[in-house]
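A.B. asks: Got a structure for you, questions after.
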Amino acid sequence: MPAIRQLSNSEEHWIRNAFPEITPHDVAKYLSVHVHTAIRILVRLGLITAPSQKYQQGRSTLAGNTQRSCIVCKTPKTMNKNQFICSRCRCKQRERGLL
Ligand SMILES: [Zn+2]
């Protein structure tokens, strides 16, 4: 990943003043950077949240799901990668006050 371009004070000032009337495309044009860099700059300034980051989180969550046998009832289930007890057993344990 390329390093984020350092903003001068006046550049940061301009962005903060102009936001949210400006789009990442305007920022990219103003700073003469790629629009992806502009988006990253806006994210870093806390002005927007990165859509790609959300997308990646969603993907890794899906990728973390795995087929595994529950350690209590031994039934194969699709579980989160950090989960070893199926939700039904977990629920029973909770009812018995074990969790
Ligand atoms: Zn189970």
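Going by the structure tokens order, chains are called A, B, ..., each with residues numbered from 1, while ligands are numbered from 1 in the order shown.
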Could you give me, as number ranges by chain, every polymer residue with an atom at most 7 Å away from an atom of ligand 1, counting only C-alpha atoms and all ligand atoms?

C.D. replies: A: 70-75, 85-89

A.B. asks: Please provide the set of residues having any atom within 6 Å of Lys77 in chain A, restricted to only C-alpha atoms, with same-chain residues fewer than 3 positions apart removed, written as a list in words.

C.D. replies: Gln67, Arg68 and Ser69 of chain A

A.B. asks: Could the residues in this selection be saved with C-alpha atoms as a PDB file, in the first residue's frame?

C.D. replies:
```
ATOM      1  CA  GLN A  67     -17.695 -26.167   9.089  1.00  0.00           C
ATOM      2  CA  ARG A  68     -16.915 -27.726  12.456  1.00  0.00           C
ATOM      3  CA  SER A  69     -18.403 -30.254  14.876  1.00  0.00           C
TER       4      SER A  69
END
```

A.B. asks: Per DSSP on the backbone, filter range 3-92 of chain A down to the residues in alpha helix (DSSP H) and report them as a VMD selection string.

C.D. replies: chain A and resid 9 to 18 24 to 31 35 to 44 51 to 64 87 to 92

A.B. asks: As an exercise, work out the distance from CA of Glu95 in chain A to CA of Pro76 in chain A in Å and give it to one decimal place.

C.D. replies: 22.2 Å

A.B. asks: Which one is closest to Val43 in chain A: A:Gln83, A:Pro24, A:Cys91, A:Asn17? Count only C-alpha atoms.

C.D. replies: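 That would be A:Pro24, the residue with the smallest distance to Val43 in chain A.
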
A.B. asks: Can you pull out the residues contacting Arg16 in chain A? Cut-off 10 Å, using only C-alpha atoms, and skip same-chain residues under 3 positions away; I want them as a PDB file with N, CA and C atoms, in the first residue's frame.

C.D. replies:
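Full text of part_38.pdb as output:
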```pdb
ATOM      1  N   SER A  10      -2.504  24.196   5.129  1.00  0.00           N
ATOM      2  CA  SER A  10      -3.497  24.901   4.324  1.00  0.00           C
ATOM      3  C   SER A  10      -4.353  23.922   3.530  1.00  0.00           C
ATOM      4  N   GLU A  11      -3.740  22.823   3.099  1.00  0.00           N
ATOM      5  CA  GLU A  11      -4.507  21.807   2.363  1.00  0.00           C
ATOM      6  C   GLU A  11      -5.544  21.159   3.273  1.00  0.00           C
ATOM      7  N   GLU A  12      -5.096  20.805   4.483  1.00  0.00           N
ATOM      8  CA  GLU A  12      -6.028  20.186   5.424  1.00  0.00           C
ATOM      9  C   GLU A  12      -7.150  21.162   5.764  1.00  0.00           C
ATOM     10  N   HIS A  13      -6.774  22.423   5.939  1.00  0.00           N
ATOM     11  CA  HIS A  13      -7.737  23.475   6.235  1.00  0.00           C
ATOM     12  C   HIS A  13      -8.776  23.575   5.123  1.00  0.00           C
ATOM     13  N   PHE A  19     -15.523  20.492   3.136  1.00  0.00           N
ATOM     14  CA  PHE A  19     -16.330  19.303   3.381  1.00  0.00           C
ATOM     15  C   PHE A  19     -17.613  19.690   4.115  1.00  0.00           C
ATOM     16  N   PRO A  20     -18.783  19.080   3.868  1.00  0.00           N
ATOM     17  CA  PRO A  20     -19.008  17.945   2.962  1.00  0.00           C
ATOM     18  C   PRO A  20     -19.464  18.352   1.557  1.00  0.00           C
ATOM     19  N   ILE A  22     -17.642  18.955  -0.862  1.00  0.00           N
ATOM     20  CA  ILE A  22     -16.748  18.386  -1.856  1.00  0.00           C
ATOM     21  C   ILE A  22     -16.784  16.863  -1.809  1.00  0.00           C
ATOM     22  N   LEU A  42      -9.402  11.525   3.399  1.00  0.00           N
ATOM     23  CA  LEU A  42     -10.657  11.908   4.051  1.00  0.00           C
ATOM     24  C   LEU A  42     -10.981  10.987   5.217  1.00  0.00           C
ATOM     25  N   LEU A  45      -8.748  11.932   8.089  1.00  0.00           N
ATOM     26  CA  LEU A  45      -9.196  13.166   8.732  1.00  0.00           C
ATOM     27  C   LEU A  45     -10.490  12.942   9.512  1.00  0.00           C
ATOM     28  N   GLY A  46     -11.052  11.747   9.380  1.00  0.00           N
ATOM     29  CA  GLY A  46     -12.274  11.417  10.102  1.00  0.00           C
ATOM     30  C   GLY A  46     -13.517  11.998   9.454  1.00  0.00           C
ATOM     31  N   LEU A  47     -13.426  12.392   8.205  1.00  0.00           N
ATOM     32  CA  LEU A  47     -14.557  13.012   7.528  1.00  0.00           C
ATOM     33  C   LEU A  47     -15.489  11.991   6.888  1.00  0.00           C
TER      34      LEU A  47
END
```

A.B. asks: So the first atom is CA of Glu21 in chain A and the second is CA of His34 in chain A; what is the distance between them in Å, to one decimal place?

C.D. replies: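 Atom-to-atom, CA of Glu21 in chain A to CA of His34 in chain A, that is 19.0 Å.
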
A.B. asks: Calculate how many Å separate CA of His25 in chain A from CA of Gln6 in chain A, rounding to one decimal.

C.D. replies: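 Separation of CA of His25 in chain A and CA of Gln6 in chain A: 17.7 Å.
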
A.B. asks: Considering only C-alpha atoms, return as number ranges by chain whatever protein or nucleic-acid residues lie within 10 Å of range 35-41 of chain A, sequence-local ones (same chain, fewer than 2 positions apart) excluded.

C.D. replies: A: 2-7, 12, 15, 23-33, 43-51

A.B. asks: Include C-alpha atoms and write out the residues we just selected as a JSON list (two decimals), in the first residue's frame.

C.D. replies:
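Here's the written file result-v2.json:
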```json
[["chain", "number", "residue", "atom", "x", "y", "z"],
["A", 2, "PRO", "CA", 1.48, 3.39, -0.98],
["A", 3, "ALA", "CA", 2.22, 5.87, 1.78],
["A", 4, "ILE", "CA", -0.44, 8.45, 2.43],
["A", 5, "ARG", "CA", 0.47, 11.84, 1.08],
["A", 6, "GLN", "CA", 1.24, 14.30, 3.87],
["A", 7, "LEU", "CA", -1.08, 17.28, 3.84],
["A", 12, "GLU", "CA", -6.03, 20.19, 5.42],
["A", 15, "ILE", "CA", -10.56, 20.15, 2.92],
["A", 23, "THR", "CA", -16.38, 14.80, -3.02],
["A", 24, "PRO", "CA", -13.22, 12.68, -2.91],
["A", 25, "HIS", "CA", -12.94, 13.50, -6.64],
["A", 26, "ASP", "CA", -12.68, 17.21, -5.84],
["A", 27, "VAL", "CA", -10.05, 16.48, -3.20],
["A", 28, "ALA", "CA", -8.14, 14.31, -5.67],
["A", 29, "LYS", "CA", -8.17, 17.11, -8.23],
["A", 30, "TYR", "CA", -7.16, 19.72, -5.65],
["A", 31, "LEU", "CA", -4.23, 17.67, -4.33],
["A", 32, "SER", "CA", -3.33, 16.14, -7.70],
["A", 33, "VAL", "CA", -3.57, 12.64, -6.23],
["A", 43, "VAL", "CA", -10.88, 8.74, 6.13],
["A", 44, "ARG", "CA", -7.76, 9.70, 8.05],
["A", 45, "LEU", "CA", -9.20, 13.17, 8.73],
["A", 46, "GLY", "CA", -12.27, 11.42, 10.10],
["A", 47, "LEU", "CA", -14.56, 13.01, 7.53],
["A", 48, "ILE", "CA", -15.76, 9.81, 5.91],
["A", 49, "THR", "CA", -15.69, 6.11, 6.69],
["A", 50, "ALA", "CA", -14.02, 3.91, 4.14],
["A", 51, "PRO", "CA", -16.49, 1.86, 2.10]]
```
